[in-house]
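Asks: There's a structure below that I have some questions on.
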Amino acid sequence: MKRSAVLCLAFVLLVSPVFAGGFNIYEFGSRATGMGGAVAARPWDASTLFYNPSGVAFLKGTRFYGGTTLILPTAKFVGAAPIFNSDVHSTKDAIFTPIGVYFSHQFSDAFGAGISVTNPFGLGVEWNEDFPGRGISRNVLLQSFYISPVVAYRVSPRLSIGVGLDIVLASITLERNVYIFDSEGSPGYEVGKVNLTGNSDVAMGFTLSAMYRGDRLGLGFMYRHTVNNQFKDGTADFSIFNNLTVPNVAAVAQNVLKDQKASTEIDFPNIVVAGVYYKVTEKFGLEFDYLWFGWSVFDKINLDFEDDALDLSIDENYKDSWQIRIGAHYDISEQLTLRAGYIFDRTPQPIESVSPLLPDNDRNDFSLGLGYNFGKYQLDLSYMFVDAGERSTIENGVGKNPEGFNGTYTSRANLFAISFGIQF
């Protein structure tokens, strides 16, 4: 009986899909968001510190640019027959507010520097209490903060290079219900809940970048290195239901499901960005960006607990992924600019890892935006619709989810962004 409970606990604490590509955020400036994030080849404002840090060498004077994005995601699950009926289960309403804050200064015609604070990895998924997959995930929240100082140098009037440091902090919260199985094939007993939390140690990464800025043509390149986040002091807190009616199950729950320390480490992927901008007319410009994410670093995860019997090594086998971003702007006047963008985002998540933790899929994103300049001030607004469509865990009639939790997920999100800039 005790061995069965331990096996169940291992099932409860699988946290790895939290760090899938669906938790990568790229919307850290409303001007960039309005152009689908395709801004790596042109230094429009101080948010170039995130999109291509070498662009800061082209920004005159001292500048501030900052804002937030309101992300309103929705996801639904319809379980596959014969285990589930056709009931639709939805996530709870949620709002996430990643920030992008930037400060830059040009020390000379050739040399610029700056610092930014962003949240490139972070979101969450919370299901209702009656969700049938609450034994896999009921609530998950990931947050990361990148503090990134940058320096850039113009090696010629049109070409700059940049280097930066990423100082990274991350935290995670995962809530699940706990089941105990007293025999193979048993439907199990729902005995309580577990809340797994952890804060990472300070991690370090770096960026390398270059930008060419011609009168009409712009070229951009950036490399952001992978970051290893170590969660050494995580905690697994259990709460046992007090209405358990099977005595031996209740005894095992009380004796085995005890609060304890847990640790793990996660690698955030390296990223390569290449962009081409062309000013078609004096008022109209286009940019095409290609992004590559090295998600194959996320091949497995090791979980270490105080109780060594619970230690796990889990294969994930994520694939490297890529995005295509296309952005356009049209200057109606010197003050007012309209923008639009499109993104195709290839998911890194194999079908075997699709679960209530992250129902990820290939995405098509569409954005609109406008900007208004008044003197030394700048105000940008944008909207983006993210459509992840439907993805089923059944392929050619065979369920692919390792826990047998098969069905179809539908995911979408609405993003509203606002940013404000000033040139001192």
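Here, A, B, ... name the chains of the structure tokens in the order displayed, residue numbers run from 1 inside each chain, and ligands are numbered from 1 in the same displayed order.
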Give me, as CSV, the closest atom pair and its distance (Å, one decimal) for every residue of range 94-173 of chain A within a cut-off of 12 Å of range 391-405 of chain A, counting only C-alpha atoms, rows sorted by chain and rising number.

Replies:
```
residue,atom,partner,partner_atom,distance
A:Phe131,CA,A:Phe405,CA,11.8
A:Pro132,CA,A:Phe405,CA,8.9
A:Gly133,CA,A:Phe405,CA,7.2
A:Arg134,CA,A:Phe405,CA,10.7
A:Gly135,CA,A:Phe405,CA,10.1
A:Ile136,CA,A:Glu403,CA,8.6
A:Ser137,CA,A:Phe405,CA,11.4
```

Asks: Within 9 Å of range 291-313 of chain A, which residues of range 228-279 of chain A show up? Give each one with its shortest atom-to-atom distance in Å (one decimal) and the two atoms involved, counting only C-alpha atoms, rows by chain then rising residue number, as CSV.

Replies:
```
residue,atom,partner,partner_atom,distance
A:Ala236,CA,A:Phe305,CA,8.9
A:Gln260,CA,A:Glu306,CA,6.2
A:Lys261,CA,A:Glu306,CA,5.8
A:Ala262,CA,A:Phe305,CA,4.5
A:Ser263,CA,A:Asp304,CA,5.3
A:Thr264,CA,A:Leu303,CA,5.1
A:Glu265,CA,A:Ile301,CA,7.3
A:Ile266,CA,A:Ile301,CA,7.1
A:Asp267,CA,A:Phe298,CA,6.5
A:Phe268,CA,A:Trp295,CA,7.7
A:Pro269,CA,A:Gly294,CA,5.0
A:Asn270,CA,A:Gly294,CA,5.2
A:Ile271,CA,A:Phe293,CA,4.7
A:Val272,CA,A:Trp292,CA,5.1
A:Val273,CA,A:Leu291,CA,4.5
A:Ala274,CA,A:Leu291,CA,6.6
A:Gly275,CA,A:Leu291,CA,8.7
```

Asks: Produce a file of the selected residues containing C-alpha atoms, as an mmCIF file, in the first residue's frame.

Replies:
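Written out: again-v5.cif:
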```cif
data_model
loop_
_atom_site.group_PDB
_atom_site.id
_atom_site.type_symbol
_atom_site.label_atom_id
_atom_site.label_comp_id
_atom_site.auth_asym_id
_atom_site.auth_seq_id
_atom_site.Cartn_x
_atom_site.Cartn_y
_atom_site.Cartn_z
ATOM 1 C CA ALA A 236 6.018 20.765 -1.186
ATOM 2 C CA GLN A 260 9.136 18.560 2.731
ATOM 3 C CA LYS A 261 11.821 20.354 0.776
ATOM 4 C CA ALA A 262 12.215 19.895 -2.978
ATOM 5 C CA SER A 263 14.783 21.100 -5.518
ATOM 6 C CA THR A 264 15.291 21.078 -9.254
ATOM 7 C CA GLU A 265 16.896 23.073 -12.048
ATOM 8 C CA ILE A 266 15.505 24.350 -15.336
ATOM 9 C CA ASP A 267 17.215 25.720 -18.445
ATOM 10 C CA PHE A 268 15.537 28.584 -20.276
ATOM 11 C CA PRO A 269 16.439 28.339 -23.983
ATOM 12 C CA ASN A 270 18.947 30.312 -25.995
ATOM 13 C CA ILE A 271 17.427 32.572 -28.666
ATOM 14 C CA VAL A 272 18.711 33.729 -32.053
ATOM 15 C CA VAL A 273 17.019 36.656 -33.826
ATOM 16 C CA ALA A 274 17.661 37.919 -37.356
ATOM 17 C CA GLY A 275 15.718 40.806 -38.916
#
```

Asks: Write out as a PyMOL selection string all residues of range 223-346 of chain A that backbone DSSP assigns to helix (DSSP H, G or I).

Replies: chain A and resi 247-256+295-297+308-310

Asks: Since we have the selection now, will you write its residues out, keeping N, CA and C atoms, as a PDB file, in the first residue's frame?

Replies:
```pdb
ATOM      1  N   PRO A 247     -10.112   3.673   5.975  1.00  0.00           N
ATOM      2  CA  PRO A 247      -9.105   3.853   7.039  1.00  0.00           C
ATOM      3  C   PRO A 247      -7.673   3.686   6.568  1.00  0.00           C
ATOM      4  N   ASN A 248      -7.378   2.628   5.795  1.00  0.00           N
ATOM      5  CA  ASN A 248      -5.984   2.422   5.402  1.00  0.00           C
ATOM      6  C   ASN A 248      -5.498   3.498   4.433  1.00  0.00           C
ATOM      7  N   VAL A 249      -6.380   4.008   3.596  1.00  0.00           N
ATOM      8  CA  VAL A 249      -6.017   5.106   2.700  1.00  0.00           C
ATOM      9  C   VAL A 249      -5.725   6.365   3.517  1.00  0.00           C
ATOM     10  N   ALA A 250      -6.560   6.651   4.504  1.00  0.00           N
ATOM     11  CA  ALA A 250      -6.338   7.819   5.348  1.00  0.00           C
ATOM     12  C   ALA A 250      -5.011   7.707   6.095  1.00  0.00           C
ATOM     13  N   ALA A 251      -4.681   6.497   6.555  1.00  0.00           N
ATOM     14  CA  ALA A 251      -3.434   6.306   7.289  1.00  0.00           C
ATOM     15  C   ALA A 251      -2.225   6.552   6.401  1.00  0.00           C
ATOM     16  N   VAL A 252      -2.275   6.035   5.184  1.00  0.00           N
ATOM     17  CA  VAL A 252      -1.161   6.246   4.259  1.00  0.00           C
ATOM     18  C   VAL A 252      -1.028   7.726   3.926  1.00  0.00           C
ATOM     19  N   ALA A 253      -2.157   8.392   3.701  1.00  0.00           N
ATOM     20  CA  ALA A 253      -2.110   9.820   3.378  1.00  0.00           C
ATOM     21  C   ALA A 253      -1.431  10.607   4.496  1.00  0.00           C
ATOM     22  N   GLN A 254      -1.781  10.311   5.749  1.00  0.00           N
ATOM     23  CA  GLN A 254      -1.206  11.042   6.868  1.00  0.00           C
ATOM     24  C   GLN A 254       0.271  10.724   7.070  1.00  0.00           C
ATOM     25  N   ASN A 255       0.661   9.487   6.807  1.00  0.00           N
ATOM     26  CA  ASN A 255       2.040   9.060   7.079  1.00  0.00           C
ATOM     27  C   ASN A 255       3.011   9.385   5.953  1.00  0.00           C
ATOM     28  N   VAL A 256       2.520   9.389   4.722  1.00  0.00           N
ATOM     29  CA  VAL A 256       3.417   9.529   3.572  1.00  0.00           C
ATOM     30  C   VAL A 256       3.414  10.947   3.010  1.00  0.00           C
ATOM     31  N   TRP A 295      14.927  25.114 -27.584  1.00  0.00           N
ATOM     32  CA  TRP A 295      14.173  24.417 -26.548  1.00  0.00           C
ATOM     33  C   TRP A 295      14.635  22.978 -26.346  1.00  0.00           C
ATOM     34  N   SER A 296      15.524  22.463 -27.186  1.00  0.00           N
ATOM     35  CA  SER A 296      16.000  21.091 -26.992  1.00  0.00           C
ATOM     36  C   SER A 296      16.836  20.953 -25.712  1.00  0.00           C
ATOM     37  N   VAL A 297      17.236  22.079 -25.088  1.00  0.00           N
ATOM     38  CA  VAL A 297      17.919  21.981 -23.791  1.00  0.00           C
ATOM     39  C   VAL A 297      16.980  21.415 -22.727  1.00  0.00           C
ATOM     40  N   ASP A 308      14.172  10.453  -0.381  1.00  0.00           N
ATOM     41  CA  ASP A 308      14.835  10.020  -1.607  1.00  0.00           C
ATOM     42  C   ASP A 308      13.973   9.086  -2.440  1.00  0.00           C
ATOM     43  N   ALA A 309      13.013   8.419  -1.826  1.00  0.00           N
ATOM     44  CA  ALA A 309      12.152   7.501  -2.572  1.00  0.00           C
ATOM     45  C   ALA A 309      11.282   8.233  -3.586  1.00  0.00           C
ATOM     46  N   LEU A 310      11.157   9.534  -3.435  1.00  0.00           N
ATOM     47  CA  LEU A 310      10.308  10.320  -4.333  1.00  0.00           C
ATOM     48  C   LEU A 310      11.085  10.973  -5.468  1.00  0.00           C
TER      49      LEU A 310
END
```

Asks: Got a sec: who's within 12 Å of Ile343 in chain A, counting only C-alpha atoms, leaving out chain neighbours fewer than 5 positions off, as a PyMOL selection string?

Replies: chain A and resi 26-27+33-38+287-291+322-327+362-367+384-388

Asks: Would you list the contacts of Gly198 in chain A as number ranges by chain, taking every protein, DNA or RNA residue within 7 Å and counting only C-alpha atoms, but skipping same-chain residues closer than 6 positions in sequence?

Replies: A: 171-173, 231, 233-235

Asks: How about saving the chosen residues, N, CA and C atoms kept, as a PDB file, in the first residue's frame?

Replies:
```pdb
ATOM      1  N   SER A 171      10.443  32.271 -10.160  1.00  0.00           N
ATOM      2  CA  SER A 171       9.673  31.610  -9.107  1.00  0.00           C
ATOM      3  C   SER A 171       8.575  30.784  -9.745  1.00  0.00           C
ATOM      4  N   ILE A 172       8.114  29.766  -9.012  1.00  0.00           N
ATOM      5  CA  ILE A 172       7.085  28.881  -9.530  1.00  0.00           C
ATOM      6  C   ILE A 172       6.137  28.483  -8.412  1.00  0.00           C
ATOM      7  N   THR A 173       4.868  28.371  -8.767  1.00  0.00           N
ATOM      8  CA  THR A 173       3.844  27.830  -7.876  1.00  0.00           C
ATOM      9  C   THR A 173       3.032  26.808  -8.652  1.00  0.00           C
ATOM     10  N   PHE A 231      16.468  25.796  -8.499  1.00  0.00           N
ATOM     11  CA  PHE A 231      15.500  25.957  -7.422  1.00  0.00           C
ATOM     12  C   PHE A 231      15.925  25.022  -6.288  1.00  0.00           C
ATOM     13  N   ASP A 233      15.634  25.538  -2.864  1.00  0.00           N
ATOM     14  CA  ASP A 233      14.902  25.601  -1.600  1.00  0.00           C
ATOM     15  C   ASP A 233      13.396  25.589  -1.816  1.00  0.00           C
ATOM     16  N   GLY A 234      12.931  24.767  -2.754  1.00  0.00           N
ATOM     17  CA  GLY A 234      11.503  24.641  -2.959  1.00  0.00           C
ATOM     18  C   GLY A 234      10.837  23.880  -1.829  1.00  0.00           C
ATOM     19  N   THR A 235       9.526  24.038  -1.711  1.00  0.00           N
ATOM     20  CA  THR A 235       8.767  23.338  -0.676  1.00  0.00           C
ATOM     21  C   THR A 235       7.549  22.671  -1.295  1.00  0.00           C
TER      22      THR A 235
END
```
